[in-house]
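One file, upload-v6.pdb, carrying PDB, C-alpha atoms, pLDDT in the B column:
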```pdb
ATOM      1  CA  LEU A   1      -4.812  -9.767 -10.200  1.00 55.00           C
ATOM      2  CA  ALA A   2      -1.740  -9.307 -12.331  1.00 63.00           C
ATOM      3  CA  LYS A   3       1.620  -9.835 -10.685  1.00 81.00           C
ATOM      4  CA  THR A   4       4.447  -7.423 -11.180  1.00 89.00           C
ATOM      5  CA  THR A   5       8.201  -7.753 -11.392  1.00 92.00           C
ATOM      6  CA  GLN A   6      10.566  -4.899 -10.628  1.00 95.00           C
ATOM      7  CA  PRO A   7      14.223  -4.600  -9.617  1.00 96.00           C
ATOM      8  CA  ILE A   8      14.919  -5.133  -5.937  1.00 94.00           C
ATOM      9  CA  SER A   9      17.189  -2.118  -5.659  1.00 96.00           C
ATOM     10  CA  MET A  10      18.663   0.804  -7.583  1.00 97.00           C
ATOM     11  CA  ASP A  11      21.300   3.381  -6.804  1.00 97.00           C
ATOM     12  CA  SER A  12      21.463   6.924  -8.111  1.00 97.00           C
ATOM     13  CA  TYR A  13      23.067  10.277  -7.417  1.00 97.00           C
ATOM     14  CA  GLU A  14      21.446  13.572  -6.670  1.00 97.00           C
ATOM     15  CA  GLY A  15      20.318  15.450  -9.758  1.00 97.00           C
ATOM     16  CA  GLN A  16      20.052  12.390 -11.965  1.00 97.00           C
ATOM     17  CA  GLU A  17      16.923  11.104 -13.635  1.00 97.00           C
ATOM     18  CA  VAL A  18      15.863   7.702 -12.354  1.00 98.00           C
ATOM     19  CA  ASN A  19      13.795   5.242 -14.350  1.00 98.00           C
ATOM     20  CA  ILE A  20      12.283   2.214 -12.629  1.00 97.00           C
ATOM     21  CA  THR A  21      10.745  -0.370 -14.918  1.00 96.00           C
ATOM     22  CA  CYS A  22       8.034  -2.795 -13.910  1.00 95.00           C
ATOM     23  CA  SER A  23       6.899  -5.875 -15.832  1.00 94.00           C
ATOM     24  CA  HIS A  24       3.263  -6.963 -15.746  1.00 91.00           C
ATOM     25  CA  ASN A  25       2.824  -9.475 -18.547  1.00 91.00           C
ATOM     26  CA  ASN A  26      -0.636 -10.604 -17.445  1.00 88.00           C
ATOM     27  CA  ILE A  27      -2.217  -7.178 -17.163  1.00 89.00           C
ATOM     28  CA  ALA A  28      -5.935  -7.247 -17.884  1.00 87.00           C
ATOM     29  CA  THR A  29      -7.872  -4.883 -20.094  1.00 88.00           C
ATOM     30  CA  ASN A  30      -9.449  -3.091 -17.153  1.00 83.00           C
ATOM     31  CA  ASP A  31      -6.292  -2.798 -15.080  1.00 85.00           C
ATOM     32  CA  TYR A  32      -4.666   0.497 -14.198  1.00 87.00           C
ATOM     33  CA  ILE A  33      -0.983   0.823 -13.340  1.00 91.00           C
ATOM     34  CA  THR A  34      -0.207   2.591 -10.100  1.00 90.00           C
ATOM     35  CA  TRP A  35       3.014   3.520  -8.336  1.00 94.00           C
ATOM     36  CA  TYR A  36       3.460   4.138  -4.634  1.00 94.00           C
ATOM     37  CA  GLN A  37       6.373   5.476  -2.599  1.00 96.00           C
ATOM     38  CA  GLN A  38       7.121   4.327   0.939  1.00 95.00           C
ATOM     39  CA  PHE A  39       9.540   5.785   3.465  1.00 95.00           C
ATOM     40  CA  PRO A  40      10.661   3.687   6.465  1.00 91.00           C
ATOM     41  CA  SER A  41       8.007   3.294   9.153  1.00 90.00           C
ATOM     42  CA  GLN A  42       5.410   5.179   7.120  1.00 92.00           C
ATOM     43  CA  GLY A  43       2.470   4.139   5.005  1.00 92.00           C
ATOM     44  CA  PRO A  44       2.866   4.110   1.213  1.00 92.00           C
ATOM     45  CA  ARG A  45       1.967   7.261  -0.642  1.00 93.00           C
ATOM     46  CA  PHE A  46       0.330   7.376  -4.065  1.00 91.00           C
ATOM     47  CA  ILE A  47       2.621   8.815  -6.734  1.00 94.00           C
ATOM     48  CA  ILE A  48       1.004   8.338 -10.120  1.00 93.00           C
ATOM     49  CA  GLN A  49      -1.430   6.199 -12.042  1.00 91.00           C
ATOM     50  CA  GLY A  50      -1.951   5.515 -15.718  1.00 92.00           C
ATOM     51  CA  TYR A  51      -3.708   3.305 -18.200  1.00 92.00           C
ATOM     52  CA  LYS A  52      -1.757   3.827 -21.408  1.00 90.00           C
ATOM     53  CA  THR A  53       0.776   6.132 -23.099  1.00 88.00           C
ATOM     54  CA  LYS A  54       2.251   8.756 -20.821  1.00 94.00           C
ATOM     55  CA  VAL A  55       1.091  10.438 -17.668  1.00 94.00           C
ATOM     56  CA  THR A  56       2.907  13.266 -15.945  1.00 94.00           C
ATOM     57  CA  ASN A  57       2.297  15.044 -12.678  1.00 93.00           C
ATOM     58  CA  GLU A  58       4.320  17.351 -10.484  1.00 93.00           C
ATOM     59  CA  VAL A  59       6.545  14.614  -9.091  1.00 93.00           C
ATOM     60  CA  ALA A  60       6.905  11.918 -11.754  1.00 96.00           C
ATOM     61  CA  SER A  61       6.112  10.614 -15.204  1.00 97.00           C
ATOM     62  CA  LEU A  62       4.748   7.218 -16.091  1.00 97.00           C
ATOM     63  CA  PHE A  63       5.463   5.691 -19.482  1.00 97.00           C
ATOM     64  CA  ILE A  64       3.322   2.809 -20.691  1.00 96.00           C
ATOM     65  CA  PRO A  65       3.966   1.141 -24.064  1.00 96.00           C
ATOM     66  CA  ALA A  66       1.152   0.139 -26.361  1.00 95.00           C
ATOM     67  CA  ASP A  67       1.115  -3.505 -25.225  1.00 95.00           C
ATOM     68  CA  ARG A  68       0.930  -2.387 -21.555  1.00 95.00           C
ATOM     69  CA  LYS A  69       3.063  -5.327 -20.443  1.00 94.00           C
ATOM     70  CA  SER A  70       5.486  -3.020 -18.723  1.00 95.00           C
ATOM     71  CA  SER A  71       5.664   0.489 -17.358  1.00 96.00           C
ATOM     72  CA  THR A  72       8.421   2.888 -16.376  1.00 97.00           C
ATOM     73  CA  LEU A  73       8.318   5.338 -13.529  1.00 97.00           C
ATOM     74  CA  SER A  74      10.554   8.317 -14.218  1.00 98.00           C
ATOM     75  CA  LEU A  75      11.739  10.565 -11.407  1.00 97.00           C
ATOM     76  CA  PRO A  76      13.421  13.715 -12.720  1.00 94.00           C
ATOM     77  CA  ARG A  77      16.431  15.118 -10.901  1.00 93.00           C
ATOM     78  CA  VAL A  78      16.225  13.011  -7.750  1.00 97.00           C
ATOM     79  CA  SER A  79      17.311  14.311  -4.383  1.00 96.00           C
ATOM     80  CA  LEU A  80      18.326  12.555  -1.178  1.00 97.00           C
ATOM     81  CA  SER A  81      14.732  12.751   0.007  1.00 96.00           C
ATOM     82  CA  ASP A  82      13.652  10.484  -2.847  1.00 97.00           C
ATOM     83  CA  THR A  83      15.403   7.569  -1.143  1.00 97.00           C
ATOM     84  CA  ALA A  84      12.520   5.188  -0.555  1.00 97.00           C
ATOM     85  CA  VAL A  85      10.873   1.975  -1.709  1.00 96.00           C
ATOM     86  CA  TYR A  86       8.795   2.269  -4.867  1.00 97.00           C
ATOM     87  CA  TYR A  87       5.967  -0.168  -5.568  1.00 94.00           C
ATOM     88  CA  CYS A  88       4.377  -0.915  -8.911  1.00 93.00           C
ATOM     89  CA  LEU A  89       0.858  -2.308  -8.785  1.00 89.00           C
ATOM     90  CA  VAL A  90      -1.782  -3.248 -11.311  1.00 86.00           C
ATOM     91  CA  GLY A  91      -5.462  -3.716 -10.697  1.00 80.00           C
ATOM     92  CA  ASP A  92      -8.827  -2.533 -11.864  1.00 70.00           C
ATOM     93  CA  GLY A  93      -9.693  -1.020  -8.519  1.00 58.00           C
ATOM     94  CA  GLY A  94     -13.283  -0.948  -9.561  1.00 57.00           C
ATOM     95  CA  SER A  95     -14.226  -4.275  -8.058  1.00 54.00           C
ATOM     96  CA  GLN A  96     -12.678  -5.195  -4.767  1.00 55.00           C
ATOM     97  CA  GLY A  97      -9.917  -2.663  -5.075  1.00 58.00           C
ATOM     98  CA  ASN A  98      -7.418  -5.191  -3.825  1.00 64.00           C
ATOM     99  CA  LEU A  99      -3.857  -4.248  -4.580  1.00 70.00           C
ATOM    100  CA  ILE A 100      -0.924  -6.626  -4.468  1.00 72.00           C
ATOM    101  CA  PHE A 101       2.178  -5.006  -3.073  1.00 76.00           C
ATOM    102  CA  GLY A 102       5.351  -6.880  -3.982  1.00 77.00           C
ATOM    103  CA  LYS A 103       8.689  -6.148  -2.368  1.00 80.00           C
ATOM    104  CA  GLY A 104       9.127  -3.006  -4.442  1.00 93.00           C
ATOM    105  CA  THR A 105      12.322  -1.311  -5.591  1.00 96.00           C
ATOM    106  CA  LYS A 106      14.531   0.230  -2.961  1.00 96.00           C
ATOM    107  CA  LEU A 107      15.984   3.409  -4.440  1.00 97.00           C
ATOM    108  CA  SER A 108      19.059   4.833  -2.760  1.00 97.00           C
ATOM    109  CA  VAL A 109      20.059   8.351  -3.762  1.00 97.00           C
ATOM    110  CA  LYS A 110      23.601   9.346  -2.910  1.00 96.00           C
ATOM    111  CA  PRO A 111      25.113  12.826  -2.683  1.00 95.00           C
TER
ATOM    112  CA  ASP B   1      -7.589  17.975   7.540  1.00 56.00           C
ATOM    113  CA  GLY B   2      -8.919  14.875   5.850  1.00 65.00           C
ATOM    114  CA  GLY B   3      -7.031  11.678   6.353  1.00 92.00           C
ATOM    115  CA  ILE B   4      -6.572   8.407   8.125  1.00 95.00           C
ATOM    116  CA  THR B   5      -5.489   8.048  11.713  1.00 95.00           C
ATOM    117  CA  GLN B   6      -4.169   4.967  13.420  1.00 96.00           C
ATOM    118  CA  SER B   7      -3.568   4.513  17.072  1.00 91.00           C
ATOM    119  CA  PRO B   8      -1.478   3.773  18.899  1.00 91.00           C
ATOM    120  CA  LYS B   9       1.752   4.322  16.973  1.00 93.00           C
ATOM    121  CA  TYR B  10       3.584   1.733  19.080  1.00 94.00           C
ATOM    122  CA  LEU B  11       1.964  -1.163  20.893  1.00 93.00           C
ATOM    123  CA  PHE B  12       3.423  -3.831  23.099  1.00 93.00           C
ATOM    124  CA  ARG B  13       1.582  -7.006  23.914  1.00 90.00           C
ATOM    125  CA  LYS B  14       2.264 -10.022  26.013  1.00 90.00           C
ATOM    126  CA  GLU B  15       1.882 -13.408  24.447  1.00 88.00           C
ATOM    127  CA  GLY B  16      -1.615 -14.769  24.774  1.00 88.00           C
ATOM    128  CA  GLN B  17      -3.297 -11.370  24.833  1.00 91.00           C
ATOM    129  CA  ASN B  18      -5.669  -9.965  22.272  1.00 93.00           C
ATOM    130  CA  VAL B  19      -5.069  -6.401  21.158  1.00 94.00           C
ATOM    131  CA  THR B  20      -7.109  -4.009  19.014  1.00 95.00           C
ATOM    132  CA  LEU B  21      -5.619  -1.520  16.580  1.00 96.00           C
ATOM    133  CA  SER B  22      -7.666   1.541  15.750  1.00 96.00           C
ATOM    134  CA  CYS B  23      -8.213   2.981  12.261  1.00 97.00           C
ATOM    135  CA  GLU B  24     -10.381   6.006  11.558  1.00 97.00           C
ATOM    136  CA  GLN B  25     -10.884   7.943   8.330  1.00 97.00           C
ATOM    137  CA  ASN B  26     -12.758  11.143   7.560  1.00 95.00           C
ATOM    138  CA  LEU B  27     -12.387  10.914   3.784  1.00 92.00           C
ATOM    139  CA  ASN B  28     -15.882   9.513   3.313  1.00 91.00           C
ATOM    140  CA  HIS B  29     -14.381   6.429   1.650  1.00 91.00           C
ATOM    141  CA  ASP B  30     -16.433   3.286   1.400  1.00 89.00           C
ATOM    142  CA  ALA B  31     -13.539   0.838   1.191  1.00 90.00           C
ATOM    143  CA  MET B  32     -11.026   0.195   3.957  1.00 94.00           C
ATOM    144  CA  TYR B  33      -8.104  -2.204   4.234  1.00 94.00           C
ATOM    145  CA  TRP B  34      -5.672  -3.664   6.731  1.00 96.00           C
ATOM    146  CA  TYR B  35      -2.175  -4.686   5.706  1.00 95.00           C
ATOM    147  CA  ARG B  36       0.725  -6.233   7.525  1.00 96.00           C
ATOM    148  CA  GLN B  37       4.329  -5.430   6.672  1.00 94.00           C
ATOM    149  CA  ASP B  38       7.352  -7.372   7.904  1.00 93.00           C
ATOM    150  CA  PRO B  39      10.890  -5.977   7.682  1.00 88.00           C
ATOM    151  CA  GLY B  40      12.131  -5.729   4.099  1.00 84.00           C
ATOM    152  CA  GLN B  41       8.903  -7.092   2.728  1.00 86.00           C
ATOM    153  CA  GLY B  42       5.951  -5.724   0.846  1.00 87.00           C
ATOM    154  CA  LEU B  43       2.467  -5.310   2.249  1.00 90.00           C
ATOM    155  CA  ARG B  44       0.192  -8.282   2.730  1.00 91.00           C
ATOM    156  CA  LEU B  45      -3.569  -7.902   2.889  1.00 91.00           C
ATOM    157  CA  ILE B  46      -5.263  -9.069   6.089  1.00 95.00           C
ATOM    158  CA  TYR B  47      -8.873  -7.949   5.711  1.00 95.00           C
ATOM    159  CA  TYR B  48     -10.812  -5.467   3.636  1.00 93.00           C
ATOM    160  CA  SER B  49     -14.263  -3.959   3.715  1.00 93.00           C
ATOM    161  CA  GLN B  50     -16.155  -2.456   0.807  1.00 89.00           C
ATOM    162  CA  ILE B  51     -19.157  -1.312   2.805  1.00 89.00           C
ATOM    163  CA  VAL B  52     -20.417  -0.985   6.360  1.00 93.00           C
ATOM    164  CA  ASN B  53     -21.259  -4.272   8.070  1.00 95.00           C
ATOM    165  CA  ASP B  54     -19.433  -6.303   5.451  1.00 94.00           C
ATOM    166  CA  PHE B  55     -15.825  -7.436   5.175  1.00 94.00           C
ATOM    167  CA  GLN B  56     -13.747 -10.103   3.473  1.00 92.00           C
ATOM    168  CA  LYS B  57     -10.622 -12.029   4.326  1.00 93.00           C
ATOM    169  CA  GLY B  58      -7.401 -11.145   2.612  1.00 91.00           C
ATOM    170  CA  ASP B  59      -4.377 -13.345   2.103  1.00 89.00           C
ATOM    171  CA  ILE B  60      -3.366 -13.692   5.763  1.00 94.00           C
ATOM    172  CA  ALA B  61      -6.558 -13.364   7.816  1.00 95.00           C
ATOM    173  CA  GLU B  62      -5.870 -16.220  10.226  1.00 96.00           C
ATOM    174  CA  GLY B  63      -5.467 -14.959  13.775  1.00 96.00           C
ATOM    175  CA  TYR B  64      -7.072 -11.591  13.027  1.00 97.00           C
ATOM    176  CA  SER B  65     -10.595 -10.227  13.227  1.00 97.00           C
ATOM    177  CA  VAL B  66     -12.243  -6.977  12.154  1.00 98.00           C
ATOM    178  CA  SER B  67     -15.524  -5.121  12.378  1.00 97.00           C
ATOM    179  CA  ARG B  68     -17.067  -2.373  10.287  1.00 97.00           C
ATOM    180  CA  GLU B  69     -19.948  -0.894  12.246  1.00 97.00           C
ATOM    181  CA  LYS B  70     -19.352   2.624  10.981  1.00 96.00           C
ATOM    182  CA  LYS B  71     -18.116   3.934   7.657  1.00 96.00           C
ATOM    183  CA  GLU B  72     -15.341   5.865   9.368  1.00 97.00           C
ATOM    184  CA  SER B  73     -13.941   3.063  11.491  1.00 97.00           C
ATOM    185  CA  PHE B  74     -12.321  -0.298  10.775  1.00 98.00           C
ATOM    186  CA  PRO B  75     -10.620  -1.692  13.895  1.00 98.00           C
ATOM    187  CA  LEU B  76      -8.372  -4.737  13.698  1.00 97.00           C
ATOM    188  CA  THR B  77      -8.029  -7.220  16.540  1.00 97.00           C
ATOM    189  CA  VAL B  78      -4.898  -9.315  16.708  1.00 96.00           C
ATOM    190  CA  THR B  79      -5.875 -12.421  18.614  1.00 94.00           C
ATOM    191  CA  SER B  80      -3.760 -14.836  20.575  1.00 89.00           C
ATOM    192  CA  ALA B  81      -4.213 -17.270  17.689  1.00 88.00           C
ATOM    193  CA  GLN B  82      -1.880 -15.180  15.541  1.00 89.00           C
ATOM    194  CA  LYS B  83       1.408 -17.024  15.955  1.00 87.00           C
ATOM    195  CA  ASN B  84       3.774 -14.261  14.898  1.00 91.00           C
ATOM    196  CA  PRO B  85       2.043 -10.911  15.357  1.00 93.00           C
ATOM    197  CA  THR B  86       5.086  -8.671  15.673  1.00 95.00           C
ATOM    198  CA  ALA B  87       4.917  -6.455  12.589  1.00 96.00           C
ATOM    199  CA  PHE B  88       4.039  -3.037  11.193  1.00 97.00           C
ATOM    200  CA  TYR B  89       0.294  -2.711  10.562  1.00 97.00           C
ATOM    201  CA  LEU B  90      -1.106  -0.310   8.010  1.00 96.00           C
ATOM    202  CA  CYS B  91      -4.677   0.762   7.476  1.00 96.00           C
ATOM    203  CA  ALA B  92      -5.849   2.262   4.197  1.00 94.00           C
ATOM    204  CA  SER B  93      -8.996   3.542   2.587  1.00 93.00           C
ATOM    205  CA  ARG B  94     -10.031   4.007  -1.016  1.00 88.00           C
ATOM    206  CA  SER B  95     -12.547   6.043  -2.879  1.00 80.00           C
ATOM    207  CA  THR B  96     -14.732   4.426  -5.492  1.00 71.00           C
ATOM    208  CA  SER B  97     -14.079   7.417  -7.764  1.00 69.00           C
ATOM    209  CA  PRO B  98     -11.014   7.725 -10.047  1.00 67.00           C
ATOM    210  CA  PRO B  99      -8.077   7.335  -9.657  1.00 60.00           C
ATOM    211  CA  TYR B 100      -9.331   3.902  -8.841  1.00 63.00           C
ATOM    212  CA  ASN B 101      -6.217   2.460  -7.301  1.00 62.00           C
ATOM    213  CA  GLU B 102      -5.364   5.339  -5.022  1.00 79.00           C
ATOM    214  CA  GLN B 103      -5.373   4.040  -1.503  1.00 84.00           C
ATOM    215  CA  PHE B 104      -4.719   6.466   1.316  1.00 89.00           C
ATOM    216  CA  PHE B 105      -2.654   5.017   4.118  1.00 93.00           C
ATOM    217  CA  GLY B 106      -2.484   5.815   7.779  1.00 95.00           C
ATOM    218  CA  PRO B 107       0.808   6.290   9.652  1.00 94.00           C
ATOM    219  CA  GLY B 108       0.858   2.683  10.853  1.00 96.00           C
ATOM    220  CA  THR B 109       1.010   0.884  14.185  1.00 96.00           C
ATOM    221  CA  ARG B 110       4.103  -1.068  15.136  1.00 96.00           C
ATOM    222  CA  LEU B 111       3.105  -4.041  17.265  1.00 95.00           C
ATOM    223  CA  THR B 112       5.665  -5.882  19.329  1.00 94.00           C
ATOM    224  CA  VAL B 113       4.887  -9.052  21.226  1.00 91.00           C
ATOM    225  CA  LEU B 114       6.986  -9.487  24.320  1.00 86.00           C
TER
END
```

Would you mind writing the structure in this file as structure tokens?
Amino acid sequence: LAKTTQPISMDSYEGQEVNITCSHNNIATNDYITWYQQFPSQGPRFIIQGYKTKVTNEVASLFIPADRKSSTLSLPRVSLSDTAVYYCLVGDGGSQGNLIFGKGTKLSVKP
Amino acid sequence: DGGITQSPKYLFRKEGQNVTLSCEQNLNHDAMYWYRQDPGQGLRLIYYSQIVNDFQKGDIAEGYSVSREKKESFPLTVTSAQKNPTAFYLCASRSTSPPYNEQFFGPGTRLTVL
């Protein structure tokens, strides 16, 4: 399972776009890239998943370059309620489905 | 509503006692997982099960046991052999259909050993 590296923390202000980059140099051909959000004392919540190029849903966009060794989660116009820990994970999911959760990136959104 | 339930939300245990954490899902998922989370840390995998009557150890299985007698249920027992059991425990399930890495998490159980 590929390991990931992401910043420990980030600060932002309401209304700004936030980009969180994750490195996964050893990503395998079958691996997907998935991002989760976790609020204190709650279970993580799936945000977005992608394999290559760009994926967009109602809450975020995920940018993946051609070499797939990194990915960027983009949160448009963050609000205070986006303050949370964001985890980047890679895995094929199709076998054991094991996911390695690192320490994540703690995003603090200020007014 | 489909989802995962965990009970209880808070649990207190005396040292030397075993305690069982409940996890139930009605999502018809084959795979289920137990994670442990310590303050300021990520999630660590304790046990997982891909199918009924089968389960595998994760990274930190020592001091824990599980069973998977029904598809919907995956209880975790924290035994007295677990030296530092105070933590936040999360149960999750996963479909074998895309998106492959989408695990659905329960609300968690916070276990405190007194």

Shell of 9 Å around Pro65 of chain A, only C-alpha atoms, local chain residues under 4 positions omitted, as a list in words:
Lys52, Thr53, Lys54, Lys69, Ser70 and Ser71 of chain A

The ChimeraX specification (/B :<6) & /A on the file shown: which residues, as a PDB file with C-alpha atoms, in the frame of the given file?
```pdb
ATOM      1  CA  GLN A  42       5.410   5.179   7.120  1.00 92.00           C
ATOM      2  CA  GLY A  43       2.470   4.139   5.005  1.00 92.00           C
ATOM      3  CA  GLY A  93      -9.693  -1.020  -8.519  1.00 58.00           C
ATOM      4  CA  PHE A 101       2.178  -5.006  -3.073  1.00 76.00           C
ATOM      5  CA  GLY A 102       5.351  -6.880  -3.982  1.00 77.00           C
ATOM      6  CA  LYS A 103       8.689  -6.148  -2.368  1.00 80.00           C
TER       7      LYS A 103
END
```

So what does the PyMOL selection byres ((chain A and resi 30) around 10) actually pick up in this one, as a list in words?
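That selection, the PyMOL selection byres ((chain A and resi 30) around 10), comes back as Ile27, Ala28, Thr29, Asp31, Tyr32, Tyr51, Val90, Gly91, Asp92, Gly93 and Gly94 of chain A.
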
Atom CA of Leu80 of chain A to atom CA of Thr5 of chain A: how many Å, to one decimal?
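Between atom CA of Leu80 of chain A and atom CA of Thr5 of chain A the gap works out to 24.9 Å.
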
Here's the selection I'm unsure about, the PyMOL selection byres ((chain B and resi 14-18) around 12); applied to the file above, which residues does it give, as a ChimeraX atom specification?
/B:11-13,19-21,63-65,76-86,111-114

Find the distance between atom CA of His29 of chain B and atom CA of His24 of chain A and write it in Å to one decimal.
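Result for atom CA of His29 of chain B versus atom CA of His24 of chain A: 28.2 Å, one decimal.
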
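Ranking B:Ile60, B:Ser7, B:Arg36, B:Tyr47 by their shortest atom-to-atom distance to Ser22 of chain B, with only C-alpha atoms included, puts B:Ser7 first.
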
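Between atom CA of Gln38 of chain A and atom CA of Leu89 of chain A the interatomic distance comes to 13.3 Å.
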
Using all atoms listed in the file, determine which residues lie at most 8 Å from Ile51 of chain B, disregarding the query and same-chain residues fewer than 5 positions distant; provide the list as a list in words.
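Neighbouring residues, sequence-local ones excluded: Asp30, Ala31, Arg68 and Lys71 of chain B.
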
Keeping C-alpha atoms, export the residues of the selection given above as a PDB file, in the coordinates of the input.
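After the write, part_5.pdb holds the following:
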```pdb
ATOM      1  CA  ASP B  30     -16.433   3.286   1.400  1.00 89.00           C
ATOM      2  CA  ALA B  31     -13.539   0.838   1.191  1.00 90.00           C
ATOM      3  CA  ARG B  68     -17.067  -2.373  10.287  1.00 97.00           C
ATOM      4  CA  LYS B  71     -18.116   3.934   7.657  1.00 96.00           C
TER       5      LYS B  71
END
```

Residues near Val85 of chain A, anyone? I mean within 12 Å using all atoms listed in the file, not counting same-chain ones fewer than 2 positions away, as an mmCIF file with C-alpha atoms, keeping the file's coordinate frame.
```cif
data_model
loop_
_atom_site.group_PDB
_atom_site.id
_atom_site.type_symbol
_atom_site.label_atom_id
_atom_site.label_comp_id
_atom_site.auth_asym_id
_atom_site.auth_seq_id
_atom_site.Cartn_x
_atom_site.Cartn_y
_atom_site.Cartn_z
ATOM 1 C CA GLN A 6 10.566 -4.899 -10.628
ATOM 2 C CA PRO A 7 14.223 -4.600 -9.617
ATOM 3 C CA ILE A 8 14.919 -5.133 -5.937
ATOM 4 C CA SER A 9 17.189 -2.118 -5.659
ATOM 5 C CA MET A 10 18.663 0.804 -7.583
ATOM 6 C CA ASP A 11 21.300 3.381 -6.804
ATOM 7 C CA ILE A 20 12.283 2.214 -12.629
ATOM 8 C CA TRP A 35 3.014 3.520 -8.336
ATOM 9 C CA TYR A 36 3.460 4.138 -4.634
ATOM 10 C CA GLN A 37 6.373 5.476 -2.599
ATOM 11 C CA GLN A 38 7.121 4.327 0.939
ATOM 12 C CA PHE A 39 9.540 5.785 3.465
ATOM 13 C CA PRO A 40 10.661 3.687 6.465
ATOM 14 C CA SER A 41 8.007 3.294 9.153
ATOM 15 C CA GLN A 42 5.410 5.179 7.120
ATOM 16 C CA GLY A 43 2.470 4.139 5.005
ATOM 17 C CA PRO A 44 2.866 4.110 1.213
ATOM 18 C CA ARG A 45 1.967 7.261 -0.642
ATOM 19 C CA ILE A 47 2.621 8.815 -6.734
ATOM 20 C CA SER A 81 14.732 12.751 0.007
ATOM 21 C CA ASP A 82 13.652 10.484 -2.847
ATOM 22 C CA THR A 83 15.403 7.569 -1.143
ATOM 23 C CA TYR A 87 5.967 -0.168 -5.568
ATOM 24 C CA CYS A 88 4.377 -0.915 -8.911
ATOM 25 C CA PHE A 101 2.178 -5.006 -3.073
ATOM 26 C CA GLY A 102 5.351 -6.880 -3.982
ATOM 27 C CA LYS A 103 8.689 -6.148 -2.368
ATOM 28 C CA GLY A 104 9.127 -3.006 -4.442
ATOM 29 C CA THR A 105 12.322 -1.311 -5.591
ATOM 30 C CA LYS A 106 14.531 0.230 -2.961
ATOM 31 C CA LEU A 107 15.984 3.409 -4.440
ATOM 32 C CA SER A 108 19.059 4.833 -2.760
ATOM 33 C CA VAL A 109 20.059 8.351 -3.762
ATOM 34 C CA GLY B 40 12.131 -5.729 4.099
ATOM 35 C CA GLN B 41 8.903 -7.092 2.728
ATOM 36 C CA GLY B 42 5.951 -5.724 0.846
ATOM 37 C CA LEU B 43 2.467 -5.310 2.249
#
```

Taking (-0.8, 6.1, -15.8) in the file's own coordinates, collect the residues within 6 Å, counting only C-alpha atoms, and hand them back as a ChimeraX atom specification.
/A:33,49-51,55,62

Using C-alpha atoms, can you write the selected residues to a file as a short mmCIF file (atom, residue, chain, number, x, y, z; two decimals), keeping the file's coordinate frame?
```
data_model
loop_
_atom_site.label_atom_id
_atom_site.label_comp_id
_atom_site.auth_asym_id
_atom_site.auth_seq_id
_atom_site.Cartn_x
_atom_site.Cartn_y
_atom_site.Cartn_z
CA ILE A 33 -0.98 0.82 -13.34
CA GLN A 49 -1.43 6.20 -12.04
CA GLY A 50 -1.95 5.52 -15.72
CA TYR A 51 -3.71 3.30 -18.20
CA VAL A 55 1.09 10.44 -17.67
CA LEU A 62 4.75 7.22 -16.09
#
```

For Ser74 of chain A, the nearest of the candidates A:Ile48, A:Leu99, A:Lys110, A:Tyr13, counting all atoms listed in the file:
A:Ile48

Expected axis-aligned box over every listed atom of segment 16-19 of chain B, 6 Å added per side, centre plus edges in Å to one decimal, as JSON:
```
{"center_x": -3.6, "center_y": -10.6, "center_z": 23.0, "size_x": 16.1, "size_y": 20.4, "size_z": 15.7}
```
